[in-house]
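Trainee: Below is one structure. I have some questions about it.
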4 protein chains.
Amino acid sequence: MSHAESRPPSCGSIRGRPRSKAVGQAILEAVMKLFEDGVPLADLSVERIARTAGVGKAAIYRRWSDKEDLFVDVIRAAEPAERELPGRSMRGDLVVLLESLRQRTLASRSSAILHNAHTQMRSSPKIWAAYHAGVITPRRDLGLKVLRRGRLNGELRQDVDLELAIDMLVGPLLIRSFIRHDPDLPDGLPEQIVDVVLHGLRPVSSPRN
Amino acid sequence: MSHAESRPPSCGSIRGRPRSKAVGQAILEAVMKLFEDGVPLADLSVERIARTAGVGKAAIYRRWSDKEDLFVDVIRAAEPAERELPGRSMRGDLVVLLESLRQRTLASRSSAILHNAHTQMRSSPKIWAAYHAGVITPRRDLGLKVLRRGRLNGELRQDVDLELAIDMLVGPLLIRSFIRHDPDLPDGLPEQIVDVVLHGLRPVSSPRN
Amino acid sequence: MSHAESRPPSCGSIRGRPRSKAVGQAILEAVMKLFEDGVPLADLSVERIARTAGVGKAAIYRRWSDKEDLFVDVIRAAEPAERELPGRSMRGDLVVLLESLRQRTLASRSSAILHNAHTQMRSSPKIWAAYHAGVITPRRDLGLKVLRRGRLNGELRQDVDLELAIDMLVGPLLIRSFIRHDPDLPDGLPEQIVDVVLHGLRPVSSPRN
Amino acid sequence: MSHAESRPPSCGSIRGRPRSKAVGQAILEAVMKLFEDGVPLADLSVERIARTAGVGKAAIYRRWSDKEDLFVDVIRAAEPAERELPGRSMRGDLVVLLESLRQRTLASRSSAILHNAHTQMRSSPKIWAAYHAGVITPRRDLGLKVLRRGRLNGELRQDVDLELAIDMLVGPLLIRSFIRHDPDLPDGLPEQIVDVVLHGLRPVSSPRN
DNA sequence: GCCTAACCGAGACGGTACGTCACGTCTTTTA
DNA sequence: TAAAAGACGTGACGTACCGTCTCGGTTAGGC
């Protein structure tokens, strides 16, 4: 999974002392701990990470080319596994997907890490691209698949722009957690969002246009 | 507007050489130019800004307490004035509001600055709070006012959660521009979003639940 | 004298804050102090020098390209001025020259610095060359001048190899101080050496060959 | 000879694979090669030595406690055996001793090693002491013995300071080779030095004082 | 002919120092 | 007194080497 624990591609040989998994883990844990402790990103120096992990700086640079590269793995490690989709209805699947996103951005530990690492990555185009390709796009594609099936099943209108639909589902959640830093993502929020996207907010008797 | 061009409050005297407006302007322009040129945020040192502006570092620190403080003014300077709302219908006003946001995040110059400065601010809680209070909240409040009026007028159901509604309107646009870095925000997008939020995506004949 | 206190040649301008002489002096003093305190050369890190001098590392690297370059100036600063030669007789001048050398390698402060810096320079061909050209050669030339005048005056045989003669005068002193680390350079040593070089050690009645 | 090839005293057992002599030799050869190639001492890292020798770092540290310890053995290995003294006359023996020293400091291979290792040792008091006791002092004592015998035989004056005499013989040669880096040590140089020390440089008719 | 301890090359380990760069402040000359 | 210039102390950067430790694999005895 993580690209850091393996040896560099130039090193075809498997000779020499293998890298300690404990060290790699300690580094990731140290970054997460510092994130959780609310250490400002600007104060998150490699030297401090090494000190916190009880590790030499070289052990970090042996695994990651630089600080940005490390943060990608931290955020990957903090990402929980995607949960199974029930697949009974489009609505149900969408609720599960949003609930999964809500949990991720809500849960105390993962949340602090995600917020900080996310922020950090945004200032590094190269890392952002990697994160985008590795984390965001796969999830988006999963959502698109669910929507496409729902359109076939008649749960959506045939002319629906799926790209717009997925943004309308995900946008509100991300706005709340990342832009507004709102810790209050109520339990039923995913269902509410899905229902608004499906049914709209106009009065029930209101005619279409 | 900007708090930087005036003298500090401790400086009661107006004697001595007055501050050159050209210098202050040159600094702001230099930051914007560097943002536009796609300089990574990590490479945006004060020394480079001073070099680009043809200005001494002290001239910057005389006006802003630190780099973060400077960026607040840059983003403020880059924010275009809010346009007038026609006020004829909730739907129309919402489209105008979203169109305004779309323009801001779309336009080449402002966009690059916004994206970069936005990113920068996210890593600085203090600055983010200032930006939040000064830019985001007023606009959000404006949107809430429009929605509230629409609810009174019967353009929205009475039980609508306005906070959720505003996020559902704004979220998709911000997702596209800030998260997905999608430069393709088509002309009719604001209208589409508003319509989805009002009418939903389910088939027309589909019953509510 | 020292090439370090002046600005780099590329910097034609005299604008900006000038380098503080006190800082440059504090750095040299710090190195000398550490030498005197018997700090092993291997422990003489730039960071420690900066700490001792109460100075930033950058202030050192602004003046000297690296540690070796610094040591050249330290040894130069430690070299006392050459004393005046009476010029009455070759023998008298030689004694004065050797006495001067003895004082330099004997005196507590200068000695510790000389020994350490000397040693350090020996491991750096580039720096050794600079020291050789700037310190050793001028003194050697002074000695050669004295010898040449003595040869003209009949104080030396006409066929004397002056290069050999100078080495025979200087060699014993340097052997004692630098190779054997003998702190005991007795008062009359220069006179003894000069007399051996002039008169030899064979019994007085012994015939030449 | 070298204390490095034997197992540590704590290792009473002789079981297990014995140390390869070829490895120990390759390490010494690698250091000598690097010295010969003019590699600056500062660049002579243990890792580079191991790389050059095609050997693991542990193989070095298994034999020598540290880099200094290794250099002692290198210089010992580079020292040629002392030659036999004819013993017919003090003058003849002194010439042989000096000629031996001249050869050692002149010969290309040994010379480069000697110069470099010598320099290195000078910066390490502990190693310098070992070299002093093991190499310099025995030779010096040999020279003193020759001089003492010469004084008894009437080849020297009875009041001659032998310590001074030995320094006057050895000093000029070391000055030339180690301080001045003069590769030009002419054939007859030892004889010239001995003659100056015996007969002096004053004109033949010049009276004593 | 095994067994096994100590060797071997390779390279990771926690450290320390390197020389560079940017921070925000301070000090000079010039206008 | 503000301006540009640039030195100041501080501290993180990423690199290299220190001396130690740990891999899988090799090479000799002693059984």
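Here's how to read the names in the structure tokens: chain A, B, ... by the order shown, residue numbers from 1 in each chain, ligand numbers from 1 in the order shown.
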With 10 Å as the cut-off and only C-alpha atoms (C1' of nucleotides) counted, what is the closest atom pair between each nearby residue of chain F and chain A? Distances in Å to one decimal, ordered by chain and number, as a tab-separated table.
Mentor:
```
residue	atom	partner	partner_atom	distance
F:DA12	C1'	A:Ser45	CA	6.7
F:DC13	C1'	A:Val46	CA	8.7
F:DG14	C1'	A:Tyr61	CA	8.2
F:DT15	C1'	A:Ala58	CA	9.1
F:DC21	C1'	A:Arg17	CA	8.9
F:DT22	C1'	A:Arg17	CA	5.4
F:DC23	C1'	A:Arg17	CA	4.2
F:DG24	C1'	A:Arg15	CA	7.1
F:DG25	C1'	A:Arg15	CA	9.6
```
Trainee: Would you list, as a ChimeraX atom specification, the residues of chain B that end up in alpha helix (DSSP H) under DSSP run on this structure's backbone?
Mentor: /B:21-36,46-53,57-63,67-78,90-106,108-122,125-131,137-152,162-174,189-199
Trainee: Mind checking which residues fall within 10 Å of Gln103 in chain D, counting only C-alpha atoms (C1' of nucleotides), ignoring those fewer than 6 positions away in the same chain, and posting them as a list of chain:residue names?
Mentor: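 Non-adjacent residues within range: D:Pro80, D:Leu97, D:Ser110, D:Ser111, D:Leu185, D:Asp187.
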Trainee: How about saving the chosen residues, all heavy atoms kept, as a CSV table (one decimal), in the first residue's frame?
Mentor:
```csv
chain,number,residue,atom,x,y,z
D,80,PRO,N,59.3,1.3,6.3
D,80,PRO,CA,60.2,0.3,5.9
D,80,PRO,C,61.1,-0.1,7.1
D,80,PRO,O,61.3,0.6,8.0
D,80,PRO,CB,61.1,0.9,4.8
D,80,PRO,CG,61.0,2.3,5.1
D,80,PRO,CD,59.7,2.6,5.8
D,97,LEU,N,72.0,7.0,8.7
D,97,LEU,CA,70.7,7.2,9.4
D,97,LEU,C,69.9,8.3,8.6
D,97,LEU,O,68.7,8.2,8.3
D,97,LEU,CB,70.9,7.7,10.8
D,97,LEU,CG,71.2,6.7,11.8
D,97,LEU,CD1,71.5,7.3,13.2
D,97,LEU,CD2,70.1,5.7,12.0
D,110,SER,N,55.6,5.2,-0.1
D,110,SER,CA,55.7,5.4,1.3
D,110,SER,C,55.5,6.9,1.7
D,110,SER,O,54.9,7.2,2.7
D,110,SER,CB,57.1,4.9,1.8
D,110,SER,OG,57.2,5.0,3.2
D,111,SER,N,56.1,7.7,0.8
D,111,SER,CA,56.0,9.2,1.1
D,111,SER,C,54.6,9.7,1.2
D,111,SER,O,54.2,10.4,2.2
D,111,SER,CB,56.8,9.9,0.1
D,111,SER,OG,56.6,11.3,0.2
D,185,LEU,N,65.0,16.3,-2.6
D,185,LEU,CA,66.0,16.0,-1.5
D,185,LEU,C,67.2,15.4,-2.2
D,185,LEU,O,67.3,14.2,-2.5
D,185,LEU,CB,65.4,15.1,-0.5
D,185,LEU,CG,64.2,15.6,0.2
D,185,LEU,CD1,63.7,14.5,1.2
D,185,LEU,CD2,64.4,16.8,1.0
D,187,ASP,N,70.8,13.9,-3.7
D,187,ASP,CA,71.5,12.7,-3.2
D,187,ASP,C,72.4,13.0,-2.0
D,187,ASP,O,72.4,12.3,-1.0
D,187,ASP,CB,72.3,12.2,-4.4
D,187,ASP,CG,71.6,11.0,-5.1
D,187,ASP,OD1,70.4,10.8,-4.7
D,187,ASP,OD2,72.2,10.4,-6.0
```
Trainee: So, counting only C-alpha atoms (C1' of nucleotides), which residue among A:Gly24, A:Gly200, A:Gly92, A:Gly87 is closest to chain E?
Mentor: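 Distance minimum relative to chain E lands on A:Gly24.
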Trainee: So how far away is CA of Ala53 in chain A from CA of Ala30 in chain A, in Å?
Mentor: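 If I compute the distance from CA of Ala30 in chain A to CA of Ala53 in chain A, I get 5.2 Å.
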Trainee: One number please: CA of Glu82 in chain B to CA of Ala133 in chain B, in Å, one decimal.
Mentor: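 Here the two named atoms are 15.9 Å from each other.
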Trainee: Please check the contacts: residues of chain D at most 7 Å away from chain C, using only C-alpha atoms, listed as a PDB file with N, CA, C and O atoms, in the first residue's frame.
Mentor:
```
ATOM      1  N   PRO D  40      42.126  13.981  -0.121  1.00  0.00           N
ATOM      2  CA  PRO D  40      42.308  14.787   1.104  1.00  0.00           C
ATOM      3  C   PRO D  40      41.857  13.995   2.324  1.00  0.00           C
ATOM      4  O   PRO D  40      40.900  13.216   2.252  1.00  0.00           O
ATOM      5  N   LEU D  41      42.536  14.225   3.397  1.00  0.00           N
ATOM      6  CA  LEU D  41      42.232  13.463   4.606  1.00  0.00           C
ATOM      7  C   LEU D  41      40.789  13.620   5.040  1.00  0.00           C
ATOM      8  O   LEU D  41      40.174  12.679   5.535  1.00  0.00           O
ATOM      9  N   THR D 119      50.052  13.663   8.990  1.00  0.00           N
ATOM     10  CA  THR D 119      49.158  14.792   9.208  1.00  0.00           C
ATOM     11  C   THR D 119      47.953  14.375  10.032  1.00  0.00           C
ATOM     12  O   THR D 119      47.545  15.057  10.977  1.00  0.00           O
ATOM     13  N   GLN D 120      47.381  13.254   9.652  1.00  0.00           N
ATOM     14  CA  GLN D 120      46.203  12.783  10.360  1.00  0.00           C
ATOM     15  C   GLN D 120      46.503  12.564  11.842  1.00  0.00           C
ATOM     16  O   GLN D 120      45.746  12.978  12.720  1.00  0.00           O
ATOM     17  N   ARG D 122      48.690  13.892  13.635  1.00  0.00           N
ATOM     18  CA  ARG D 122      48.933  15.120  14.373  1.00  0.00           C
ATOM     19  C   ARG D 122      47.653  15.691  14.960  1.00  0.00           C
ATOM     20  O   ARG D 122      47.688  16.389  15.968  1.00  0.00           O
ATOM     21  N   SER D 123      46.553  15.390  14.318  1.00  0.00           N
ATOM     22  CA  SER D 123      45.303  15.941  14.857  1.00  0.00           C
ATOM     23  C   SER D 123      44.675  15.003  15.885  1.00  0.00           C
ATOM     24  O   SER D 123      43.580  15.258  16.356  1.00  0.00           O
ATOM     25  N   GLU D 155      85.035  12.132  18.259  1.00  0.00           N
ATOM     26  CA  GLU D 155      84.563  12.725  17.010  1.00  0.00           C
ATOM     27  C   GLU D 155      83.685  13.941  17.286  1.00  0.00           C
ATOM     28  O   GLU D 155      83.334  14.694  16.369  1.00  0.00           O
ATOM     29  N   LEU D 156      83.231  14.091  18.498  1.00  0.00           N
ATOM     30  CA  LEU D 156      82.482  15.283  18.919  1.00  0.00           C
ATOM     31  C   LEU D 156      83.177  15.887  20.134  1.00  0.00           C
ATOM     32  O   LEU D 156      83.860  15.189  20.887  1.00  0.00           O
ATOM     33  N   ARG D 157      82.920  17.170  20.335  1.00  0.00           N
ATOM     34  CA  ARG D 157      83.438  17.787  21.553  1.00  0.00           C
ATOM     35  C   ARG D 157      82.732  17.181  22.764  1.00  0.00           C
ATOM     36  O   ARG D 157      81.597  16.732  22.680  1.00  0.00           O
ATOM     37  N   VAL D 160      79.219  18.667  23.982  1.00  0.00           N
ATOM     38  CA  VAL D 160      78.117  18.776  23.028  1.00  0.00           C
ATOM     39  C   VAL D 160      76.801  18.300  23.648  1.00  0.00           C
ATOM     40  O   VAL D 160      76.750  17.257  24.303  1.00  0.00           O
ATOM     41  N   ASP D 167      68.561  16.976  16.934  1.00  0.00           N
ATOM     42  CA  ASP D 167      67.565  17.832  16.289  1.00  0.00           C
ATOM     43  C   ASP D 167      68.158  18.562  15.091  1.00  0.00           C
ATOM     44  O   ASP D 167      67.468  18.791  14.088  1.00  0.00           O
ATOM     45  N   MET D 168      69.418  18.947  15.222  1.00  0.00           N
ATOM     46  CA  MET D 168      70.034  19.686  14.115  1.00  0.00           C
ATOM     47  C   MET D 168      70.278  18.795  12.910  1.00  0.00           C
ATOM     48  O   MET D 168      70.338  19.273  11.773  1.00  0.00           O
ATOM     49  N   GLY D 171      66.240  17.806  11.856  1.00  0.00           N
ATOM     50  CA  GLY D 171      65.376  18.944  11.556  1.00  0.00           C
ATOM     51  C   GLY D 171      65.344  19.360  10.096  1.00  0.00           C
ATOM     52  O   GLY D 171      64.261  19.455   9.506  1.00  0.00           O
ATOM     53  N   PRO D 172      66.491  19.615   9.494  1.00  0.00           N
ATOM     54  CA  PRO D 172      66.466  20.102   8.116  1.00  0.00           C
ATOM     55  C   PRO D 172      65.756  19.162   7.162  1.00  0.00           C
ATOM     56  O   PRO D 172      65.003  19.604   6.288  1.00  0.00           O
ATOM     57  N   ILE D 175      61.945  19.379   7.873  1.00  0.00           N
ATOM     58  CA  ILE D 175      61.460  20.664   7.374  1.00  0.00           C
ATOM     59  C   ILE D 175      61.181  20.571   5.880  1.00  0.00           C
ATOM     60  O   ILE D 175      60.105  20.934   5.393  1.00  0.00           O
ATOM     61  N   VAL D 196      77.847  20.099   7.924  1.00  0.00           N
ATOM     62  CA  VAL D 196      77.579  21.395   8.539  1.00  0.00           C
ATOM     63  C   VAL D 196      77.522  21.251  10.050  1.00  0.00           C
ATOM     64  O   VAL D 196      78.103  22.059  10.798  1.00  0.00           O
ATOM     65  N   VAL D 197      76.856  20.209  10.513  1.00  0.00           N
ATOM     66  CA  VAL D 197      76.743  20.032  11.958  1.00  0.00           C
ATOM     67  C   VAL D 197      78.131  19.806  12.573  1.00  0.00           C
ATOM     68  O   VAL D 197      78.412  20.243  13.693  1.00  0.00           O
ATOM     69  N   LEU D 198      78.997  19.142  11.827  1.00  0.00           N
ATOM     70  CA  LEU D 198      80.338  18.885  12.374  1.00  0.00           C
ATOM     71  C   LEU D 198      81.259  20.090  12.250  1.00  0.00           C
ATOM     72  O   LEU D 198      81.989  20.437  13.185  1.00  0.00           O
ATOM     73  N   HIS D 199      81.213  20.750  11.083  1.00  0.00           N
ATOM     74  CA  HIS D 199      82.244  21.753  10.810  1.00  0.00           C
ATOM     75  C   HIS D 199      81.732  23.182  10.780  1.00  0.00           C
ATOM     76  O   HIS D 199      82.532  24.126  10.848  1.00  0.00           O
ATOM     77  N   GLY D 200      80.448  23.398  10.640  1.00  0.00           N
ATOM     78  CA  GLY D 200      79.945  24.763  10.594  1.00  0.00           C
ATOM     79  C   GLY D 200      80.115  25.389   9.226  1.00  0.00           C
ATOM     80  O   GLY D 200      80.678  24.795   8.304  1.00  0.00           O
ATOM     81  N   LEU D 201      79.611  26.603   9.116  1.00  0.00           N
ATOM     82  CA  LEU D 201      79.566  27.281   7.823  1.00  0.00           C
ATOM     83  C   LEU D 201      80.447  28.528   7.783  1.00  0.00           C
ATOM     84  O   LEU D 201      80.508  29.215   6.770  1.00  0.00           O
ATOM     85  N   ARG D 202      81.128  28.838   8.890  1.00  0.00           N
ATOM     86  CA  ARG D 202      81.935  30.060   8.892  1.00  0.00           C
ATOM     87  C   ARG D 202      83.161  29.858   7.998  1.00  0.00           C
ATOM     88  O   ARG D 202      83.568  28.717   7.726  1.00  0.00           O
ATOM     89  N   PRO D 203      83.719  30.936   7.526  1.00  0.00           N
ATOM     90  CA  PRO D 203      84.952  30.800   6.720  1.00  0.00           C
ATOM     91  C   PRO D 203      86.009  30.040   7.511  1.00  0.00           C
ATOM     92  O   PRO D 203      86.100  30.154   8.745  1.00  0.00           O
TER      93      PRO D 203
END
```
Trainee: Taking only C-alpha atoms (C1' of nucleotides) into account, what are the residues of chain E at most 9 Å from chain B, put as an MDAnalysis selection string?
Mentor: chainID E and resid 22:25
Trainee: Keeping N, CA and C atoms (P, O5', C5', C4', C3', O3' and C1' of nucleotides), export the residues of the selection given above as a compact mmCIF listing (two decimals), in the first residue's frame.
Mentor:
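File produced: part02.txt:
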```
# COMPACT_ATOMS: atom_id res chain seq x y z
P DA E 22 15.44 31.06 0.34
O5' DA E 22 14.47 31.57 1.49
C5' DA E 22 13.53 30.67 2.05
C4' DA E 22 13.17 31.12 3.45
C3' DA E 22 12.79 32.60 3.54
O3' DA E 22 11.42 32.68 3.96
C1' DA E 22 14.33 31.96 5.27
P DC E 23 10.71 34.06 4.25
O5' DC E 23 10.76 34.21 5.83
C5' DC E 23 10.20 33.17 6.63
C4' DC E 23 10.63 33.36 8.06
C3' DC E 23 10.30 34.74 8.62
O3' DC E 23 9.10 34.67 9.34
C1' DC E 23 12.52 34.01 9.22
P DG E 24 8.03 35.85 9.41
O5' DG E 24 8.77 36.90 10.35
C5' DG E 24 8.80 36.64 11.74
C4' DG E 24 9.79 37.57 12.41
C3' DG E 24 9.46 39.07 12.26
O3' DG E 24 9.70 39.71 13.51
C1' DG E 24 11.65 38.65 11.56
P DT E 25 9.61 41.29 13.74
O5' DT E 25 11.13 41.69 14.02
C5' DT E 25 11.85 41.00 15.03
C4' DT E 25 13.27 41.55 15.14
C3' DT E 25 13.36 43.06 15.31
O3' DT E 25 14.26 43.34 16.36
C1' DT E 25 14.75 42.35 13.52
```
Trainee: So how many Å separate CA of Val146 in chain D and CA of Pro183 in chain C, to one decimal?
Mentor: 25.4 Å
